[in-house]
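A.B. asks: One structure, as structure tokens, below. Some questions next.
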Amino acid sequence: MKKTVFLIPFLLISALSIAQNKPFKTDPAILKDFMDKRFGMFIHWGPVSLRGTEIGWSRGHQVPTVEYDNLYKEFNPVLFNADKWVKTAKAAGMKYITITSKHHDGFCLWPSAYTDYNIKYSPFKRDIVGELATACKNNGIAFCIYFTILDWHDTDYPLHNLGDSIPDPKADMNRFVKKIKNELSELITKYHPYMLWFDGNWEKPWTKEFGQEVYDHIKLLDKKIIVNNRLGKGSHKTISPLTVGDYATPEQEVGEINMKDPWESCITICNQWSWKPNDKMKTAQQSIQTLASTSGGNGNLLFNVGPMMDGRMEDRQIKLLDTIGRWLNKYGESIYGTKGGPYKPNKEWAATRKGSKIYIHLFKQDINSVNLPVISGVKINSVHFLSGENLVFDQTDKIHIKLPAILPDKNDTVLVIEINTIAEGLPLVMN
Ligand code: JFZ
């Protein structure tokens, strides 16, 4: 008797789960489409740009909490032009944009019905998330939303600042999770994001179970939405039994080569996520080689910019992005829609592959030849620069390619090795 009593709810839940296709899984074809894009723009923005300190983290530290929480009252980025941002990303060769709809400070860049701490109550009033979603749609760029699940401003969330360890007794995680589910419903039904980029999952009040609940909630609203792995617990760098979500998110570093699990490195164009005056900016060479290295590891690069308090992106950053775009105009076939490998990327070069081609990205100028291990069963038909010129090679006991004294591209010269088989199927070569 007792057993049946226990069994009935269990069977009911199982039947319901089957009816809803649980456990939800993102269609591999959708993930492949995402990984084919290879390059996206991350945007960290909010009222904190008025101070130029780090978004979220500077609250209650470099900027006193009360001052930080009132910055929105003077946030009026009148030069914000969503179309200009999207065109900047597009000119850089980026295929998707991910914006901070809400960072750890809790401020919402869309007019949410579930909290008044949002853009509608700033002097600017305009729906930043909405305008960017529309501009992305008009320009053929996939629109994605960053959303943190820790909210140091919300009284229902137990911790109220970086370093807080004593939970607020007035807080209520169940109420909080219900609220963020409502906010997510709003974001999904209003803006139809291609992907949701969660964050803030490392704090103690968050559990894997909450993460699973939110994941299921999203998938019931739109099963096509891609979700990053910061919804469960565990390391951001991998997909593991602890994580919830579809792909891994190494931060401020190029991820390890992985032919199985999708991943995306998020890396800042300067040092800070949100805008900082005179922040040290990366060079075009560093940025292009970072992109080639992520592709070489079979991952994506989400390259972050922090727009200024007036709504513009910095000119020097726009110029750098344009240089990357011009490089991609020439060499894009060695990045988009490729797989990483079959050689592991290193500091000197990275390999990508597509069809019967292996692309070698050369990061150094002062070399006169390329030496690679032979791949068993593979014969090279020809070698040439992606920009044209044929090269002399030998494939007796190693692949030896002779290079001219001056290489065609100082940022990343791409060689194409044409082989007698499909390169995508080759196992990784240990180099
Ligand atoms: C997180 C955010 O905190 C950061 O502001 C930015 O949005 C980035 C993309 O994601 O970065 C982290 C995450 C975790 C830690 C530090 C930075 N951590 O656990 O110390």
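All residue names refer to the structure tokens as shown: chains lettered A, B, ... in order, residues numbered from 1 in each chain, ligands numbered from 1 in order.
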Per residue of chain A within 7 Å of ligand 1, record the nearest atom pair and its distance in Å to one decimal, counting only C-alpha atoms and all ligand atoms, with rows in chain order and ascending residue number, as a tab-separated table.

C.D. replies:
residue	atom	partner	partner_atom_place_in_ligand_line	distance
A:Ile55	CA	ligand 1	5 (O)	6.1
A:Gly56	CA	ligand 1	5 (O)	6.4
A:Trp57	CA	ligand 1	5 (O)	6.7
A:His103	CA	ligand 1	7 (O)	6.9
A:Asp199	CA	ligand 1	10 (O)	6.0
A:Gly200	CA	ligand 1	3 (O)	6.4
A:Trp202	CA	ligand 1	19 (O)	6.0
A:Glu251	CA	ligand 1	9 (C)	6.7
A:Cys266	CA	ligand 1	9 (C)	6.4
A:Trp273	CA	ligand 1	6 (C)	6.2

A.B. asks: Could the residues in this selection be written to a file with N, CA, C and O atoms, as a PDB file, in the first residue's frame?

C.D. replies:
ATOM      1  N   ILE A  55      31.424  47.353 -13.450  1.00  0.00           N
ATOM      2  CA  ILE A  55      29.983  47.103 -13.286  1.00  0.00           C
ATOM      3  C   ILE A  55      29.755  46.053 -12.185  1.00  0.00           C
ATOM      4  O   ILE A  55      30.434  45.040 -12.134  1.00  0.00           O
ATOM      5  N   GLY A  56      28.837  46.324 -11.301  1.00  0.00           N
ATOM      6  CA  GLY A  56      28.517  45.401 -10.202  1.00  0.00           C
ATOM      7  C   GLY A  56      29.556  45.396  -9.104  1.00  0.00           C
ATOM      8  O   GLY A  56      29.280  45.805  -7.959  1.00  0.00           O
ATOM      9  N   TRP A  57      30.750  45.012  -9.440  1.00  0.00           N
ATOM     10  CA  TRP A  57      31.804  44.798  -8.441  1.00  0.00           C
ATOM     11  C   TRP A  57      32.217  46.056  -7.689  1.00  0.00           C
ATOM     12  O   TRP A  57      32.697  45.962  -6.556  1.00  0.00           O
ATOM     13  N   HIS A 103      22.974  43.326 -14.597  1.00  0.00           N
ATOM     14  CA  HIS A 103      24.222  42.847 -13.990  1.00  0.00           C
ATOM     15  C   HIS A 103      24.027  42.713 -12.482  1.00  0.00           C
ATOM     16  O   HIS A 103      22.921  42.901 -11.976  1.00  0.00           O
ATOM     17  N   ASP A 199      24.873  34.315 -15.380  1.00  0.00           N
ATOM     18  CA  ASP A 199      26.075  34.628 -14.611  1.00  0.00           C
ATOM     19  C   ASP A 199      25.677  34.722 -13.142  1.00  0.00           C
ATOM     20  O   ASP A 199      24.501  34.782 -12.806  1.00  0.00           O
ATOM     21  N   GLY A 200      26.672  34.732 -12.259  1.00  0.00           N
ATOM     22  CA  GLY A 200      26.417  34.964 -10.834  1.00  0.00           C
ATOM     23  C   GLY A 200      26.067  33.707 -10.056  1.00  0.00           C
ATOM     24  O   GLY A 200      25.659  33.766  -8.889  1.00  0.00           O
ATOM     25  N   TRP A 202      27.878  31.402  -8.786  1.00  0.00           N
ATOM     26  CA  TRP A 202      28.839  30.863  -7.817  1.00  0.00           C
ATOM     27  C   TRP A 202      28.464  31.173  -6.380  1.00  0.00           C
ATOM     28  O   TRP A 202      28.969  30.569  -5.463  1.00  0.00           O
ATOM     29  N   GLU A 251      36.579  32.357 -19.038  1.00  0.00           N
ATOM     30  CA  GLU A 251      36.552  33.825 -18.950  1.00  0.00           C
ATOM     31  C   GLU A 251      37.957  34.414 -18.964  1.00  0.00           C
ATOM     32  O   GLU A 251      38.822  33.946 -18.230  1.00  0.00           O
ATOM     33  N   CYS A 266      34.902  34.445 -23.148  1.00  0.00           N
ATOM     34  CA  CYS A 266      34.571  35.872 -23.113  1.00  0.00           C
ATOM     35  C   CYS A 266      35.815  36.621 -22.673  1.00  0.00           C
ATOM     36  O   CYS A 266      36.445  36.274 -21.677  1.00  0.00           O
ATOM     37  N   TRP A 273      35.313  45.233 -17.717  1.00  0.00           N
ATOM     38  CA  TRP A 273      34.119  44.822 -18.493  1.00  0.00           C
ATOM     39  C   TRP A 273      33.321  46.052 -18.921  1.00  0.00           C
ATOM     40  O   TRP A 273      32.975  46.205 -20.081  1.00  0.00           O
TER      41      TRP A 273
END

A.B. asks: Write down as a VMD selection string the residues of range 132-243 of chain A whose backbone DSSP state falls under helix (DSSP H, G or I).

C.D. replies: chain A and resid 132 to 139 173 to 191 208 to 221

A.B. asks: Find the residues around Ile419 in chain A up to 7 Å (only C-alpha atoms counted), leave out those fewer than 2 positions away in its own chain, and share them as a PyMOL selection string.

C.D. replies: chain A and resi 356-357+378-381+417+421

A.B. asks: Choose the residue, out of A:Arg230, A:His400, A:Lys137, A:Lys25, that has the smallest atom-to-atom separation from Lys87 in chain A; count only C-alpha atoms.

C.D. replies: A:Lys137

A.B. asks: Nearest residue to Val392 in chain A out of A:Ser369, A:Asn258, A:Asn182, A:Asn420, using only C-alpha atoms?

C.D. replies: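 Distance minimum relative to Val392 in chain A lands on A:Ser369.
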
A.B. asks: DSSP says strand (DSSP E or B) for which residues of range 24-122 of chain A? Put them as a PyMOL selection string?

C.D. replies: chain A and resi 39-43+59+63+96-102+108+118

A.B. asks: Name the closest residue to Gln285 in chain A among the candidates A:Glu54, A:Asp412, A:Asp69, A:Glu418; distances are taken between atoms, counting only C-alpha atoms.

C.D. replies: A:Asp412

A.B. asks: Using only C-alpha atoms, can you tell me which of A:Gly211, A:Gly306, A:Pro250, A:Pro111 comes closest to Lys190 in chain A?

C.D. replies: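 Between A:Gly211, A:Gly306, A:Pro250, A:Pro111, the residue approaching Lys190 in chain A most closely is A:Pro111.
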
A.B. asks: For Gly296 in chain A, work out the shell of residues within 7 Å, counting only C-alpha atoms and skipping chain neighbours fewer than 3 positions away, then give it as a list in words.

C.D. replies: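 Counting only C-alpha atoms, the residues come to Ala292, Ser293, Gly340, Gly341, Pro345, Ala350, Ala351 and Thr352 of chain A.
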
A.B. asks: Dump N, CA, C and O atoms for the selected residues as a PDB file, in the first residue's frame?

C.D. replies:
ATOM      1  N   ALA A 292      41.707  33.649 -33.667  1.00  0.00           N
ATOM      2  CA  ALA A 292      42.206  32.465 -34.379  1.00  0.00           C
ATOM      3  C   ALA A 292      42.473  31.317 -33.397  1.00  0.00           C
ATOM      4  O   ALA A 292      42.215  30.155 -33.706  1.00  0.00           O
ATOM      5  N   SER A 293      42.962  31.648 -32.198  1.00  0.00           N
ATOM      6  CA  SER A 293      43.234  30.600 -31.199  1.00  0.00           C
ATOM      7  C   SER A 293      41.950  29.967 -30.667  1.00  0.00           C
ATOM      8  O   SER A 293      41.915  28.761 -30.409  1.00  0.00           O
ATOM      9  N   GLY A 340      38.003  23.354 -35.021  1.00  0.00           N
ATOM     10  CA  GLY A 340      39.372  23.519 -34.543  1.00  0.00           C
ATOM     11  C   GLY A 340      40.170  22.258 -34.815  1.00  0.00           C
ATOM     12  O   GLY A 340      39.609  21.194 -35.069  1.00  0.00           O
ATOM     13  N   GLY A 341      41.511  22.363 -34.783  1.00  0.00           N
ATOM     14  CA  GLY A 341      42.376  21.214 -35.009  1.00  0.00           C
ATOM     15  C   GLY A 341      42.665  21.021 -36.482  1.00  0.00           C
ATOM     16  O   GLY A 341      42.346  21.898 -37.283  1.00  0.00           O
ATOM     17  N   PRO A 345      46.158  24.263 -30.767  1.00  0.00           N
ATOM     18  CA  PRO A 345      46.730  25.602 -30.890  1.00  0.00           C
ATOM     19  C   PRO A 345      47.831  25.843 -29.854  1.00  0.00           C
ATOM     20  O   PRO A 345      47.806  25.245 -28.774  1.00  0.00           O
ATOM     21  N   ALA A 350      47.856  28.308 -34.809  1.00  0.00           N
ATOM     22  CA  ALA A 350      46.633  27.559 -34.528  1.00  0.00           C
ATOM     23  C   ALA A 350      46.150  26.957 -35.845  1.00  0.00           C
ATOM     24  O   ALA A 350      46.469  27.480 -36.911  1.00  0.00           O
ATOM     25  N   ALA A 351      45.402  25.851 -35.740  1.00  0.00           N
ATOM     26  CA  ALA A 351      44.881  25.213 -36.954  1.00  0.00           C
ATOM     27  C   ALA A 351      43.359  25.160 -36.903  1.00  0.00           C
ATOM     28  O   ALA A 351      42.763  24.935 -35.849  1.00  0.00           O
ATOM     29  N   THR A 352      42.743  25.400 -38.069  1.00  0.00           N
ATOM     30  CA  THR A 352      41.301  25.196 -38.215  1.00  0.00           C
ATOM     31  C   THR A 352      41.105  24.342 -39.469  1.00  0.00           C
ATOM     32  O   THR A 352      42.058  24.144 -40.235  1.00  0.00           O
TER      33      THR A 352
END

A.B. asks: Excluding range 408-411 of chain A and residues on its chain fewer than 6 positions from it, collect all residues at most 10 Å away from it, counting only C-alpha atoms, and give them as an MDAnalysis selection string.

C.D. replies: chainID A and resid 283:289 324 327 361:365 385:389

A.B. asks: Which residues are close to Leu50 in chain A, i.e. within 9 Å by only C-alpha atoms, leaving aside same-chain residues fewer than 4 positions away? Reply as a ChimeraX atom specification.

C.D. replies: /A:46,71,74-75,308-310

A.B. asks: Which residues, written as number ranges by chain, have at least one atom at most 9 Å from Lys224 in chain A, with only C-alpha atoms counted and residues fewer than 5 positions away on the same chain left out?

C.D. replies: A: 26-27, 30, 194-195, 219

A.B. asks: Of the candidates A:Ala113, A:Ile358, A:Ile269, A:Leu31, which shows the shortest atom-to-atom distance to Ser334 in chain A, using only C-alpha atoms?

C.D. replies: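 Closest to Ser334 in chain A of all the choices is A:Ile358.
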
A.B. asks: Please indicate the distance in Å from CA of Ala92 in chain A to CA of Asn76 in chain A, rounded to one decimal place.

C.D. replies: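 Atom-to-atom, CA of Ala92 in chain A to CA of Asn76 in chain A, that is 26.9 Å.
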
A.B. asks: Choose the residue, out of A:Asn70, A:Thr338, A:Thr115, A:Thr98, that has the smallest atom-to-atom separation from Glu424 in chain A; count only C-alpha atoms.

C.D. replies: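 Closest residue, counting only C-alpha atoms: A:Thr338.
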
A.B. asks: What does the distance between CA of Leu328 in chain A and CA of Ile128 in chain A come to in Å, to one decimal place?

C.D. replies: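 Separation of CA of Leu328 in chain A and CA of Ile128 in chain A: 28.7 Å.
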
A.B. asks: Just the number, please: distance in Å from CA of Trp197 in chain A to CA of Trp263 in chain A, one decimal.

C.D. replies: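 CA of Trp263 in chain A lies 12.2 Å from CA of Trp197 in chain A.
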